[in-house]
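Peer 1: Here you go, one structure.
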4 protein chains.
Amino acid sequence: MKIKVGILGATGSVGQRFIQLLAEHPWFEISYIAASPRSAGKKYQDAVAGRWLMPEAIPENVKNMTIEDASQVDKATGRCSIMFSAVNMPKAAIRKLEMAYAEKGFAVVSNNSAHRHTEDVPVLIPEINPRHLDIITLQRKKYNWDKGLIVVKPNCSVQSYLTPIYALLESGYSVDKLIITTLQALSGAGYPGPSGLDIIDNVVPYIDGEEKKSEIEPRKILGDIKNGKFEYNDSIDISAHCNRVPVIDGHIVCASMHFKNEIPDKEEIIRIWIFL
Amino acid sequence: MKIKVGILGATGSVGQRFIQLLAEHPWFEISYIAASPRSAGKKYQDAVAGRWLMPEAIPENVKNMTIEDASQVDKATGRCSIMFSAVNMPKAAIRKLEMAYAEKGFAVVSNNSAHRHTEDVPVLIPEINPRHLDIITLQRKKYNWDKGLIVVKPNCSVQSYLTPIYALLESGYSVDKLIITTLQALSGAGYPGPSGLDIIDNVVPYIDGEEKKSEIEPRKILGDIKNGKFEYNDSIDISAHCNRVPVIDGHIVCASMHFKNEIPDKEEIIRIWIFL
Amino acid sequence: MKIKVGILGATGSVGQRFIQLLAEHPWFEISYIAASPRSAGKKYQDAVAGRWLMPEAIPENVKNMTIEDASQVDKATGRCSIMFSAVNMPKAAIRKLEMAYAEKGFAVVSNNSAHRHTEDVPVLIPEINPRHLDIITLQRKKYNWDKGLIVVKPNCSVQSYLTPIYALLESGYSVDKLIITTLQALSGAGYPGPSGLDIIDNVVPYIDGEEKKSEIEPRKILGDIKNGKFEYNDSIDISAHCNRVPVIDGHIVCASMHFKNEIPDKEEIIRIWIFL
Amino acid sequence: MKIKVGILGATGSVGQRFIQLLAEHPWFEISYIAASPRSAGKKYQDAVAGRWLMPEAIPENVKNMTIEDASQVDKATGRCSIMFSAVNMPKAAIRKLEMAYAEKGFAVVSNNSAHRHTEDVPVLIPEINPRHLDIITLQRKKYNWDKGLIVVKPNCSVQSYLTPIYALLESGYSVDKLIITTLQALSGAGYPGPSGLDIIDNVVPYIDGEEKKSEIEPRKILGDIKNGKFEYNDSIDISAHCNRVPVIDGHIVCASMHFKNEIPDKEEIIRIWIFL
């Protein structure tokens, strides 16, 4: 018995990735796909015709599924229990839509940044902060939800470098300063992303919003729940510099750490690289 | 005494190229620049702030010029005699706007394809068909223009390969079949053009509309004026294949020709390459 | 019972590709690997350490195999029946080495161009000229070989475009002129191939030797055996233009054909594209 | 009256850059060019035929100059006073050759890293350590040179980021930790440098030797002369991470600094970017 899941924003580049990753998944079964009114009513393969970006073909068990209008939340009732969100709309509209699905009893797992700083929504890295799931009880009480919930994932570079840093923290290394430099591929920008004219034979040394995300999200993930909301960890100063490089897939993150405490027989600054 | 010229669509990528090429030109002086209502009234440097694409700085003598609304044709009266057109609008709107400037007495020289197949507008390559300028007398009579006129330039790859082929034709080689393969840089697509995700580590083997242009425009340029309009040359069959390659600037055109007549001591098929 | 095969030149980029393609093959079993004296005696994984170019890991069943010295032909006796050759040496030395293995009774199948114009060695595309295998009887008689033989494959772009052209020829279209334009990826050049400085943001419009191969090899493949050797087909004139493009893998071949005979209701020139 | 200069290693990629930069220089006149015995005796344009890498043509006043054998030091006598060194040989051979020219009375200014850690050779950034020229008196006394001398320039990324850091030091900011991340173009690797296969659609996150240079050279440049030799500054810990990116020209250096002293109203870590 597989768990039935839905995908909001199933036709965009992130939605397509969800389709690809979930179609043959051993635990999950895609039983509901939704997108904007423009795609609603169409078969999936017709809606993404000419703009399917994944390297493999559209999965057989998805291509003839009919797309629902994501805004008609009632249509989803009874069709799945988990709702993966990959919608691409203004942040406020995303927050509202994800709340509407949670209210209807769905476990909303969002790829989007819209709810990352909502005070009672956890930014989860299961290896680091599973205890943040405790806040779901508070979510349900506050909004009067029965089974619904919202959790989100962090920014793509944060989710890569925070795990090894967390392992250091757990081992007694008190990082007080963290300097992050990233070299990020084009696929992270979504489609179409930077123009070929801007990125071929070039590096773009700034990614709007990305540095701020890298500097703030880790402080929530490493923070605590206090008085029903998240308190950001303020013992680490993070300084991030994000570069877009002319590469299709993959990121490099170089993290340099400074430690508050004396580490006998160790350098005071340690650098790590993460390749993903 | 320099000739005063205007530029329609001065803020776009082609318009910027006109600005760059004409600002220090020994014959011309930019005395009028126009664009869409959104840019009208602004100083040139303010209107293109953040989207100036040329490698050199905005020319000193242009950066503080005020942009006019291109649709207010009367504003141009008395400010210049030649109007270079680089507007980016639907083709029908371009044709209408260029006609309006011609009617007001301007010599409109267009970079756009909108009028390339208008029956009495010459597609000029000065080295090949200067005699096509004879049709201007007919233009003026037909539309009741006093000094105005419209001439256009051909597609960028056509203008490169047609000159050497014309030289062969003039030398008695009767080309009856012409096979064109192009490798075209991104800058030819305008900004933003293809996404980096589509073109890095890739070649796009089709450029919408480009093959048709390459197959038809040469037949007009090599044609004759008959009964007040252009008759296309039908003695050459052209087959074109256009590829977009991950290169910022420059085109390669490979043209293979087959000759109708016997060329003593020559191959029947000759290939030429043009690098630009 | 799988067929036991050997690989000559197993450590180079082509040899690595043979390793990758054959290691899990349903019909074949790699039972002998040989390379230059410098690699001989080493375990495969040690010999290619730091220069393994395939995307997947070195196959488990190969990584601990010991590499033989390819020049010690006797060492191969009894270990396999088919010998795939990917050696990288001067052409004359390759021809001699492949002959030595054929003399010892191996069926030598070469990826190299060294024997492509040897008068009694077939250049095989199984879908086109399987009857060229008839010459093996003559090879064996001439060189007094018992079971040995040599066959080679054509140049990579030839093997792509010749199959559809052959299908046209078989259907009664008498192609008399063939104009080939290729856009070829870097991997076809072997490692290291063109410098990043030469190929990033650039196209190299000439590949040394490639155009000649494209113009001559098809005439052997489409030729006949006469008096114990191959007679090249001279009814097709081929003109090829080969470009190196900044792409890791994949070729585009554009082939334009002119027909000798009248094709009712058809264009006289047909273009086909092959993407591989 | 221009100063006559010579170039050692004039045919390599760095030597070609010297030729290009000096040929029209207002202060200097190229009057001697030398290279390996293979090029000696040839005209410059013949020696670099097919491997001239600069975007402009070979300067008119250089192309017919005859190349000398750099190892025949006596041939240079009387032809110039300054000798720019761009030779490409084993480090020990470079040190010896540059010493030989200094001994003959030439002011040797080297682009090479060979002498960067020679105890009495200054690594100069004129804006930072002009006082290091004091050591020349000691050089001459020690080696018994009359007019000769050797000075070198630092690694390309060091010369970019050290100037602004020096300005901070001069203003009272005591940097004690410096974290450098570079994104370096291919041209810095010399020709041919990385293969297109390794760098297209990729970033190479390590440049052999480059990180060590970035960590040690600044400590010499910021050091003092003590007892006739350079004493390295040990008050700054430098940690560098150097990446090669698929770009033809230009480097990005991101330098993050930590300060020993309290800076009122300032962050403890400051980041700067240098684009060159």
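Ligands are numbered from 1 in the order shown, chains are lettered A, B, ... in the order of the structure tokens, and residues start at 1 in each chain.
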Taking a cut-off of 7 Å and counting only C-alpha atoms, can you build a table that, for each residue of chain D near chain C, reports the nearest atom pair and how far apart they are in Å (one decimal), sorted by chain then residue number, as JSON lines?
Peer 2:
```
{"residue": "D:Leu186", "atom": "CA", "partner": "C:Leu197", "partner_atom": "CA", "distance": 6.3}
{"residue": "D:Ser187", "atom": "CA", "partner": "C:Leu197", "partner_atom": "CA", "distance": 6.9}
{"residue": "D:Pro192", "atom": "CA", "partner": "C:Ser195", "partner_atom": "CA", "distance": 5.3}
{"residue": "D:Gly193", "atom": "CA", "partner": "C:Ser195", "partner_atom": "CA", "distance": 6.4}
{"residue": "D:Pro194", "atom": "CA", "partner": "C:Gly196", "partner_atom": "CA", "distance": 5.8}
{"residue": "D:Ser195", "atom": "CA", "partner": "C:Ser195", "partner_atom": "CA", "distance": 4.4}
{"residue": "D:Gly196", "atom": "CA", "partner": "C:Gly196", "partner_atom": "CA", "distance": 3.8}
{"residue": "D:Leu197", "atom": "CA", "partner": "C:Ile248", "partner_atom": "CA", "distance": 6.1}
{"residue": "D:Ile199", "atom": "CA", "partner": "C:Gly196", "partner_atom": "CA", "distance": 6.5}
{"residue": "D:Ile248", "atom": "CA", "partner": "C:Leu197", "partner_atom": "CA", "distance": 6.1}
```
Peer 1: Do you know which residues are at most 10 Å from Ala100 in chain A counting only C-alpha atoms, after dropping those on the same chain fewer than 5 positions away, and could you put them as a list in words?
Peer 2: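 Final neighbour list, sorted by chain and number: Ser71, Gln72, Val73, Asp74, Ile94, Arg95, Gly105, Phe106, Val108 and Gly148 of chain A.
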Peer 1: Skip Asn88 in chain C itself and residues of its chain fewer than 5 positions away, then list as a ChimeraX atom specification all residues within 12 Å of it, counting only C-alpha atoms.
Peer 2: /C:8-15,35-36,70,93-95,97-98,110-114,190-191
Peer 1: Using only N, CA, C and O atoms, please write the residues we just selected to a file, as a short mmCIF file (atom, residue, chain, number, x, y, z; two decimals), in the first residue's frame.
Peer 2:
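Dumped everything to selection39.cif:
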```
data_model
loop_
_atom_site.label_atom_id
_atom_site.label_comp_id
_atom_site.auth_asym_id
_atom_site.auth_seq_id
_atom_site.Cartn_x
_atom_site.Cartn_y
_atom_site.Cartn_z
N LEU C 8 42.42 -4.25 -26.48
CA LEU C 8 43.77 -3.71 -26.66
C LEU C 8 43.70 -2.20 -26.48
O LEU C 8 42.86 -1.55 -27.10
N GLY C 9 44.58 -1.66 -25.66
CA GLY C 9 44.51 -0.22 -25.40
C GLY C 9 43.42 0.08 -24.39
O GLY C 9 42.68 1.07 -24.51
N ALA C 10 43.31 -0.77 -23.38
CA ALA C 10 42.17 -0.72 -22.46
C ALA C 10 42.18 0.48 -21.52
O ALA C 10 41.17 0.78 -20.89
N THR C 11 43.30 1.19 -21.42
CA THR C 11 43.39 2.28 -20.45
C THR C 11 43.06 3.67 -21.03
O THR C 11 42.81 4.60 -20.28
N GLY C 12 43.08 3.81 -22.36
CA GLY C 12 42.79 5.10 -22.99
C GLY C 12 41.31 5.42 -22.95
O GLY C 12 40.50 4.66 -22.42
N SER C 13 40.93 6.57 -23.54
CA SER C 13 39.53 6.98 -23.42
C SER C 13 38.61 6.04 -24.21
O SER C 13 37.53 5.69 -23.73
N VAL C 14 39.04 5.58 -25.38
CA VAL C 14 38.21 4.62 -26.13
C VAL C 14 38.19 3.27 -25.43
O VAL C 14 37.16 2.62 -25.31
N GLY C 15 39.36 2.86 -24.92
CA GLY C 15 39.45 1.59 -24.18
C GLY C 15 38.53 1.60 -22.96
O GLY C 15 37.86 0.61 -22.66
N ALA C 35 47.54 -3.12 -22.57
CA ALA C 35 47.85 -1.71 -22.85
C ALA C 35 49.36 -1.59 -23.07
O ALA C 35 50.03 -2.58 -23.38
N SER C 36 49.89 -0.39 -22.92
CA SER C 36 51.33 -0.17 -23.16
C SER C 36 52.14 -0.77 -22.01
O SER C 36 51.61 -1.06 -20.94
N ALA C 70 50.38 -5.22 -24.36
CA ALA C 70 49.71 -5.54 -25.62
C ALA C 70 50.67 -6.08 -26.67
O ALA C 70 50.26 -6.82 -27.57
N ALA C 93 52.25 1.24 -36.72
CA ALA C 93 52.42 0.32 -35.59
C ALA C 93 51.08 -0.35 -35.24
O ALA C 93 51.04 -1.54 -34.88
N ILE C 94 49.99 0.41 -35.36
CA ILE C 94 48.66 -0.19 -35.09
C ILE C 94 48.37 -1.29 -36.10
O ILE C 94 47.95 -2.39 -35.74
N ARG C 95 48.63 -0.98 -37.38
CA ARG C 95 48.35 -1.98 -38.41
C ARG C 95 49.11 -3.27 -38.12
O ARG C 95 48.58 -4.37 -38.21
N LEU C 97 50.37 -4.36 -35.20
CA LEU C 97 49.91 -5.05 -33.99
C LEU C 97 48.60 -5.80 -34.24
O LEU C 97 48.44 -6.95 -33.83
N GLU C 98 47.68 -5.14 -34.95
CA GLU C 98 46.40 -5.81 -35.21
C GLU C 98 46.60 -7.03 -36.10
O GLU C 98 45.92 -8.07 -35.91
N SER C 110 38.42 -3.47 -34.88
CA SER C 110 39.16 -2.27 -34.50
C SER C 110 38.33 -1.01 -34.59
O SER C 110 37.57 -0.81 -35.54
N ASN C 111 38.52 -0.17 -33.60
CA ASN C 111 37.89 1.14 -33.56
C ASN C 111 38.77 2.18 -34.26
O ASN C 111 38.36 3.29 -34.50
N ASN C 112 39.99 1.79 -34.58
CA ASN C 112 40.97 2.73 -35.10
C ASN C 112 40.85 2.89 -36.61
O ASN C 112 40.37 2.00 -37.30
N SER C 113 41.33 4.02 -37.12
CA SER C 113 41.25 4.27 -38.57
C SER C 113 42.41 3.64 -39.34
O SER C 113 42.42 3.69 -40.57
N ALA C 114 43.38 3.03 -38.64
CA ALA C 114 44.63 2.61 -39.31
C ALA C 114 44.38 1.67 -40.49
O ALA C 114 45.01 1.79 -41.54
N GLY C 190 38.71 12.66 -28.50
CA GLY C 190 39.56 11.99 -27.52
C GLY C 190 40.02 12.96 -26.46
O GLY C 190 39.77 14.17 -26.55
N TYR C 191 40.72 12.42 -25.46
CA TYR C 191 41.18 13.25 -24.36
C TYR C 191 42.67 13.56 -24.54
O TYR C 191 43.41 12.64 -24.86
#
```
Peer 1: For CA of Arg38 in chain B and CA of Glu56 in chain B, determine how far apart the two atoms are, in Å to one decimal place.
Peer 2: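 So the answer is 24.7 Å.
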Peer 1: Would you pick out the contacts of Ile225 in chain A at 8 Å or less, using only C-alpha atoms, so that residues sharing its chain but fewer than 5 positions from it are not included, and give the list as a list in words?
Peer 2: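 My reading of the contact set: His132, Ile135, Phe230 and Glu231 of chain A.
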Peer 1: Could you tell me, as a ChimeraX atom specification, which residues of range 29-266 of chain B DSSP assigns to strand (DSSP E or B) when given the backbone?
Peer 2: /B:29-35,43,66,68-69,82-85,107-110,123,149-152,175-184,195,204,224-226,229-231,237-244,251-259
